[in-house]
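Everything below concerns the one structure shown next.
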Amino acid sequence: MALNLDQINIHSPGRYSEGFPWADWDLMRREAPVFWYERDDIEPFWAVTRYSEVMAISERPRTFINGGPRLRLALKTETELLRGGVDEFGKSRGWDPNEPPDMTFMDDPRHREVRKLSSWAFTQGCMRSFATHFDELAAQFTNEFVADLERHGEVDLVHHLTAKLPLAATGEIIGLAPDDWKKILVWSNAIIGEVPPEHILPGETNWQAAERSMNEFRLYLEYLISDHRKPGGGPSDFINRLVNAEIHGEKQTDQQLIGYLFLLIGAGNDTTRNATTGGVVALLEHPEQIKLLQDNPKLIGNAVDEILRWTSPVISFLRTATEDFQLLDKKIREGDTVCMFYPSANRDDTVFKNPYTFDITRDPNPYITFGFGAHFCLGTNLAKAELRASLKALLPVLSRMERAGEGHRIPNTHVSGFAELPIRLKK
Ligand code: HEM
């Protein structure tokens with residue numbers, strides 16, 4: 001039976017554990033690119049699925065603001081990610097309940113000022129200076145992974161490889177001790193609701209374990225900040241600069257700094273990991289593209305771009321309209337929520353020829369995986385540098401690998417991809 005607009009489901013986290021709802025988005029782009037999406041278990045919103053309308057919203061940050069009541073999809077039974085208000089942890093420290101959790105919830109001019117405090121560290125130039133080190137780290141992690149495969153036969157790609165470089169690379173830039181990276185991995189996974197069973201204490205629910213992890217992460221950040229506030233500063237140049245930076249003569253508070261570091265560490269983790277895992281899967285499914293890349297290593301930059309378009313790990317972001325706005329044939333009213341679906345925009349055939357073909361020679365490739373406009377991903381250069389290093393390290397061994405099972409995907413409407421993917425060496 002053909003799918004119709006009443007049946008589509010693009011809002012349930014569980015839906016994404018089966019993969020992205022490509023058929024639903026295809027139908028929407030074709031028949032209802034700006035669609036008033038109403039379901040019992042979620043507040044209604046305008047679902048926006050075509051490239052040109054995702055752009056139209058992203059390039060109008062005054063009409064479509066981040067600082068409204070909704071930024072990420074959440075069911076009626078859930079609290080929106082990171083928008084818990086000031087909880088016990090914050091209350092015990094006298095935090096301001098009106099302070100946004102981080103820059104993604106802010107609008108200009110404040111957003112621009114806050115973003116500038118760290119954007120200097122994520123430029124292309126800075127990333128070039130890290131490239132050799134990222135290559136070394138990627139080579140080391142890949143060698144360890146191949147050794148694991150040789151020893152154990154079947155190994156999970158996510159935990160044993162693709163989760164490692166994003167943390168290490170962000171850790172290097174921020175200046176975190178390598179011993180802390182592992183702890184951070186558990187904490188940051190817990191924030192998106194993925195708590196490994198061994199980290200759940202007896203009698204604790206999944207949610208309680210996630211909350212505890214989040215507080216442990218905040219305690220760690222609080223300690224880092226106080227260490228760097230001491231006269232003479234701490235070991236990390238990046239954190240020294242952040243704690244001493246001023247906006248209109250005022251330094252950032254602990255609450256603001258914790259939110260800042262929390263975002264920088266969290267935002268680059270699962271996103272880049274999912275892109276890397278999804279990229280490996282895409283290449284394994286297209287052995288001719290592996291061959292093409294092995295024969296033409298100069299295509300590596302193009303391959304990274306195509307992996308980013310293909311995997312599109314950030315699924316959606318919401319905006320609130322501050323005025324009435326005509327979007328195609330629909331009148332968006334002041335106060336309405338619009339939800340942009342990036343993977344859908346990345347399969348728009350009016351922009352991408354044969355969008356369902358994975359093609360590392362695709363050119364041009366104007367993918368919108370990192371968003372667009374004022375909030376354009378701050379970590380774009382970092383994510384690309386990591387993917388490049390990972391791909392370079394994996395290229396010589398990819399043709400020896402194969403999937404050993406379906407794996408599991410993350411049930412989440414904001415960021416999704418493989419949570420687990422078994423890999424083995426070919427016989
Ligand atoms: C493949 C990996 C990544 C993807 C797909 C991704 C995607 C995105 C998207 C879609 C946005 C929102 C853009 C918008 O609203 O227009 C964003 C924002 C952001 N990303 Fe990334 N990201 C990735 C990696 C990273 C990394 C490595 C960092 C590390 C610093 C990072 C830090 C941020 C920050 C701080 C923001 C908020 C920017 C702002 O509000 O001004 N991201 N990212």
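Each chain in the structure tokens gets a letter, A, B, ..., in the order shown, and its residues are numbered from 1; ligands are numbered from 1 in order too.
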
Pull the helix (DSSP H, G or I) assignments for segment 140-340 of chain A out of DSSP run on the backbone, and list those residues as a PyMOL selection string. chain A and resi 140-152+157-162+164-174+178-191+197-199+206-229+237-244+254-267+270-285+287-295+297-311

Return as a JSON list (two decimals) with N, CA and C atoms, in the first residue's frame the residues of protein, DNA or RNA that approach ligand 1 to within 7 Å, with only C-alpha atoms and all ligand atoms taken into account.
```
[["chain", "number", "residue", "atom", "x", "y", "z"],
["A", 58, "SER", "N", 17.18, 29.07, 7.46],
["A", 58, "SER", "CA", 18.49, 29.23, 8.09],
["A", 58, "SER", "C", 19.08, 30.61, 7.82],
["A", 103, "MET", "N", 25.27, 28.48, 23.41],
["A", 103, "MET", "CA", 25.06, 29.42, 22.29],
["A", 103, "MET", "C", 24.01, 28.96, 21.28],
["A", 104, "THR", "N", 23.74, 27.65, 21.22],
["A", 104, "THR", "CA", 22.74, 27.20, 20.23],
["A", 104, "THR", "C", 21.35, 27.74, 20.58],
["A", 111, "HIS", "N", 24.58, 35.91, 20.63],
["A", 111, "HIS", "CA", 25.09, 34.66, 20.07],
["A", 111, "HIS", "C", 26.44, 34.88, 19.39],
["A", 115, "ARG", "N", 29.92, 33.13, 20.55],
["A", 115, "ARG", "CA", 30.55, 32.22, 19.58],
["A", 115, "ARG", "C", 32.00, 32.63, 19.32],
["A", 166, "PRO", "N", 37.08, 11.39, 17.54],
["A", 166, "PRO", "CA", 36.37, 12.63, 17.86],
["A", 166, "PRO", "C", 36.69, 13.14, 19.27],
["A", 170, "THR", "N", 38.93, 16.56, 19.94],
["A", 170, "THR", "CA", 38.36, 17.68, 20.71],
["A", 170, "THR", "C", 39.17, 17.87, 21.98],
["A", 263, "LEU", "N", 28.94, 22.02, 25.53],
["A", 263, "LEU", "CA", 28.54, 22.04, 24.12],
["A", 263, "LEU", "C", 29.71, 21.64, 23.22],
["A", 264, "LEU", "N", 30.86, 22.26, 23.44],
["A", 264, "LEU", "CA", 31.99, 21.98, 22.55],
["A", 264, "LEU", "C", 32.38, 20.51, 22.58],
["A", 265, "ILE", "N", 32.36, 19.94, 23.78],
["A", 265, "ILE", "CA", 32.76, 18.53, 23.89],
["A", 265, "ILE", "C", 31.65, 17.63, 23.35],
["A", 267, "ALA", "N", 29.03, 18.39, 21.23],
["A", 267, "ALA", "CA", 28.54, 18.56, 19.85],
["A", 267, "ALA", "C", 29.40, 17.83, 18.82],
["A", 268, "GLY", "N", 30.68, 17.64, 19.13],
["A", 268, "GLY", "CA", 31.55, 17.06, 18.12],
["A", 268, "GLY", "C", 31.75, 15.57, 18.27],
["A", 269, "ASN", "N", 31.12, 14.99, 19.26],
["A", 269, "ASN", "CA", 31.38, 13.61, 19.59],
["A", 269, "ASN", "C", 30.59, 12.61, 18.77],
["A", 271, "THR", "N", 28.24, 13.20, 16.67],
["A", 271, "THR", "CA", 28.06, 13.62, 15.27],
["A", 271, "THR", "C", 29.17, 13.05, 14.39],
["A", 272, "THR", "N", 30.42, 13.34, 14.76],
["A", 272, "THR", "CA", 31.54, 12.91, 13.91],
["A", 272, "THR", "C", 31.67, 11.39, 13.93],
["A", 275, "ALA", "N", 29.17, 10.02, 11.55],
["A", 275, "ALA", "CA", 29.57, 10.26, 10.16],
["A", 275, "ALA", "C", 30.65, 9.25, 9.77],
["A", 308, "LEU", "N", 29.72, 13.10, 4.31],
["A", 308, "LEU", "CA", 28.94, 14.04, 5.13],
["A", 308, "LEU", "C", 27.53, 14.22, 4.57],
["A", 312, "SER", "N", 24.70, 12.55, 7.03],
["A", 312, "SER", "CA", 23.91, 13.64, 7.60],
["A", 312, "SER", "C", 23.49, 13.36, 9.07],
["A", 313, "PRO", "N", 24.43, 13.23, 9.97],
["A", 313, "PRO", "CA", 24.09, 12.73, 11.32],
["A", 313, "PRO", "C", 23.18, 13.64, 12.16],
["A", 314, "VAL", "N", 23.21, 14.96, 11.91],
["A", 314, "VAL", "CA", 22.24, 15.81, 12.63],
["A", 314, "VAL", "C", 20.96, 15.80, 11.80],
["A", 317, "PHE", "N", 16.74, 20.45, 13.49],
["A", 317, "PHE", "CA", 16.79, 21.55, 14.44],
["A", 317, "PHE", "C", 15.51, 22.36, 14.26],
["A", 369, "THR", "N", 24.69, 19.50, 5.70],
["A", 369, "THR", "CA", 24.90, 18.67, 6.90],
["A", 369, "THR", "C", 25.29, 19.49, 8.13],
["A", 370, "PHE", "N", 26.02, 20.60, 7.91],
["A", 370, "PHE", "CA", 26.46, 21.44, 9.03],
["A", 370, "PHE", "C", 25.55, 22.64, 9.25],
["A", 371, "GLY", "N", 24.35, 22.62, 8.65],
["A", 371, "GLY", "CA", 23.46, 23.76, 8.77],
["A", 371, "GLY", "C", 23.94, 24.90, 7.90],
["A", 372, "PHE", "N", 23.41, 26.09, 8.18],
["A", 372, "PHE", "CA", 23.74, 27.25, 7.35],
["A", 372, "PHE", "C", 23.43, 28.52, 8.13],
["A", 373, "GLY", "N", 24.21, 29.57, 7.86],
["A", 373, "GLY", "CA", 23.88, 30.88, 8.44],
["A", 373, "GLY", "C", 24.55, 31.10, 9.77],
["A", 374, "ALA", "N", 23.88, 31.87, 10.64],
["A", 374, "ALA", "CA", 24.49, 32.33, 11.89],
["A", 374, "ALA", "C", 24.98, 31.18, 12.77],
["A", 375, "HIS", "N", 24.26, 30.07, 12.77],
["A", 375, "HIS", "CA", 24.60, 28.95, 13.66],
["A", 375, "HIS", "C", 25.37, 27.84, 12.95],
["A", 376, "PHE", "N", 25.79, 28.12, 11.71],
["A", 376, "PHE", "CA", 26.57, 27.13, 10.94],
["A", 376, "PHE", "C", 27.59, 26.45, 11.87],
["A", 377, "CYS", "N", 27.65, 25.13, 11.78],
["A", 377, "CYS", "CA", 28.45, 24.36, 12.74],
["A", 377, "CYS", "C", 29.85, 24.95, 12.96],
["A", 378, "LEU", "N", 30.14, 25.22, 14.21],
["A", 378, "LEU", "CA", 31.44, 25.78, 14.58],
["A", 378, "LEU", "C", 32.57, 24.76, 14.36],
["A", 379, "GLY", "N", 32.23, 23.49, 14.41],
["A", 379, "GLY", "CA", 33.26, 22.44, 14.32],
["A", 379, "GLY", "C", 33.43, 21.85, 12.93],
["A", 380, "THR", "N", 32.90, 22.53, 11.91],
["A", 380, "THR", "CA", 32.97, 21.99, 10.54],
["A", 380, "THR", "C", 34.39, 21.59, 10.14],
["A", 382, "LEU", "N", 36.96, 21.00, 11.96],
["A", 382, "LEU", "CA", 37.45, 19.92, 12.81],
["A", 382, "LEU", "C", 36.87, 18.58, 12.36],
["A", 383, "ALA", "N", 35.56, 18.55, 12.15],
["A", 383, "ALA", "CA", 34.91, 17.30, 11.74],
["A", 383, "ALA", "C", 35.51, 16.81, 10.42]]
```

Mind checking which residues fall within 10 Å of Asp41 of chain A, counting only C-alpha atoms, ignoring those fewer than 3 positions away in the same chain, and posting them as a list in words? His11, Ser12, Glu38, Pro44, Ala74, Leu75, Lys76, Thr77 and Glu78 of chain A

Write the residues you've just listed into a file as a tab-separated table (two decimals), in the first residue's frame, and include N, CA and C atoms for each of them.
```tsv
chain	number	residue	atom	x	y	z
A	11	HIS	N	8.79	11.72	13.68
A	11	HIS	CA	8.98	12.39	14.97
A	11	HIS	C	9.28	11.45	16.13
A	12	SER	N	9.12	10.12	15.93
A	12	SER	CA	9.32	9.19	17.05
A	12	SER	C	10.78	8.76	17.11
A	38	GLU	N	0.96	17.06	12.66
A	38	GLU	CA	0.19	16.91	13.91
A	38	GLU	C	0.09	15.45	14.29
A	44	PRO	N	2.41	20.18	17.72
A	44	PRO	CA	2.54	20.29	16.26
A	44	PRO	C	3.66	21.23	15.82
A	74	ALA	N	10.92	16.96	20.83
A	74	ALA	CA	10.75	16.15	22.04
A	74	ALA	C	9.28	15.73	22.11
A	75	LEU	N	9.04	14.48	22.49
A	75	LEU	CA	7.67	14.01	22.67
A	75	LEU	C	7.05	14.73	23.87
A	76	LYS	N	5.73	14.71	23.98
A	76	LYS	CA	5.08	15.38	25.11
A	76	LYS	C	5.54	14.80	26.44
A	77	THR	N	5.92	13.52	26.42
A	77	THR	CA	6.33	12.86	27.67
A	77	THR	C	7.80	13.12	28.03
A	78	GLU	N	8.54	13.79	27.15
A	78	GLU	CA	9.97	14.00	27.39
A	78	GLU	C	10.27	15.47	27.68
```

So, counting only C-alpha atoms, which residue among A:Ser92, A:Val397, A:Thr205, A:Phe217 is closest to Trp181 of chain A? A:Phe217

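Proximity ranking of A:Glu113, A:Asp40, A:Glu53, A:Glu144 relative to Met340 of chain A places A:Glu53 first, based on only C-alpha atoms.
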
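Distance-wise, atom CA of Arg241 of chain A and atom CA of Lys182 of chain A end up 24.7 Å apart.
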
Using DSSP on the backbone coordinates, identify the residues of segment 170-286 of chain A assigned to strand (DSSP E); present them as number ranges by chain. A: 246-247, 250-251

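Closest approach to Trp187 of chain A among A:Pro13, A:Gly266, A:Gly171, A:Gly249 is made by A:Gly266 (distances from only C-alpha atoms).
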
Between A:Ala23, A:Leu387, A:Leu5, A:Ala282, which residue has the minimum interatomic distance to Thr357 of chain A, considering only C-alpha atoms?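 Once distances to Thr357 of chain A are computed over only C-alpha atoms, the minimum belongs to A:Ala282.
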
Contacts of Ile332 of chain A within 10 Å, only C-alpha atoms, excl. fewer than 3 positions in-chain, as a count of residues only: 17

Nearest residue to Arg409 of chain A out of A:Val351, A:Gly278, A:Leu394, A:Pro101, using only C-alpha atoms? A:Gly278

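Between Phe141 of chain A and the candidates A:Asn365, A:Thr162, A:Ser236, A:Ser17, the tightest atom-to-atom separation, counting only C-alpha atoms, involves A:Thr162.
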
Excluding Lys230 of chain A and its own-chain neighbours fewer than 3 positions away, which residues fall within 12 Å of it when counting only C-alpha atoms? Please give them as a CSV table (one decimal) with N, CA and C atoms, in the first residue's frame.
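What ended up in around.csv:
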```csv
chain,number,residue,atom,x,y,z
A,223,TYR,N,35.5,21.7,38.0
A,223,TYR,CA,36.8,21.6,38.5
A,223,TYR,C,37.9,22.2,37.6
A,224,LEU,N,37.7,21.8,36.3
A,224,LEU,CA,38.6,22.4,35.2
A,224,LEU,C,38.6,23.9,35.2
A,225,ILE,N,37.4,24.4,35.3
A,225,ILE,CA,37.3,25.9,35.3
A,225,ILE,C,38.0,26.5,36.5
A,226,SER,N,37.7,26.0,37.7
A,226,SER,CA,38.3,26.6,38.9
A,226,SER,C,39.8,26.5,38.8
A,227,ASP,N,40.3,25.4,38.3
A,227,ASP,CA,41.8,25.2,38.1
A,227,ASP,C,42.4,26.2,37.2
A,233,GLY,N,46.9,30.5,35.8
A,233,GLY,CA,46.1,29.7,34.9
A,233,GLY,C,46.4,28.2,35.1
A,234,GLY,N,45.7,27.4,34.2
A,234,GLY,CA,45.9,26.0,34.3
A,234,GLY,C,46.6,25.5,33.0
A,235,PRO,N,46.7,24.2,32.8
A,235,PRO,CA,47.5,23.6,31.7
A,235,PRO,C,46.9,23.9,30.3
A,239,ILE,N,41.3,26.8,27.6
A,239,ILE,CA,40.4,27.1,28.8
A,239,ILE,C,40.9,28.4,29.5
A,240,ASN,N,42.2,28.6,29.5
A,240,ASN,CA,42.7,29.8,30.1
A,240,ASN,C,42.1,31.0,29.4
A,243,VAL,N,38.2,31.3,30.1
A,243,VAL,CA,37.8,31.8,31.4
A,243,VAL,C,38.2,33.3,31.6
A,244,ASN,N,39.2,33.7,30.8
A,244,ASN,CA,39.6,35.2,31.0
A,244,ASN,C,38.9,36.1,29.9
```

Exercise: Ser399 of chain A partners within 12 Å, only C-alpha atoms, chain neighbours under 5 positions left out, as a PyMOL selection string: chain A and resi 280-281+283-294+394+424-427

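Pairwise distance (atom CA of Gly405 of chain A, atom CA of Pro422 of chain A) equals 5.7 Å.
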
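If you look at atom CA of Gly19 of chain A and atom CA of Glu198 of chain A, they are 26.1 Å away from each other.
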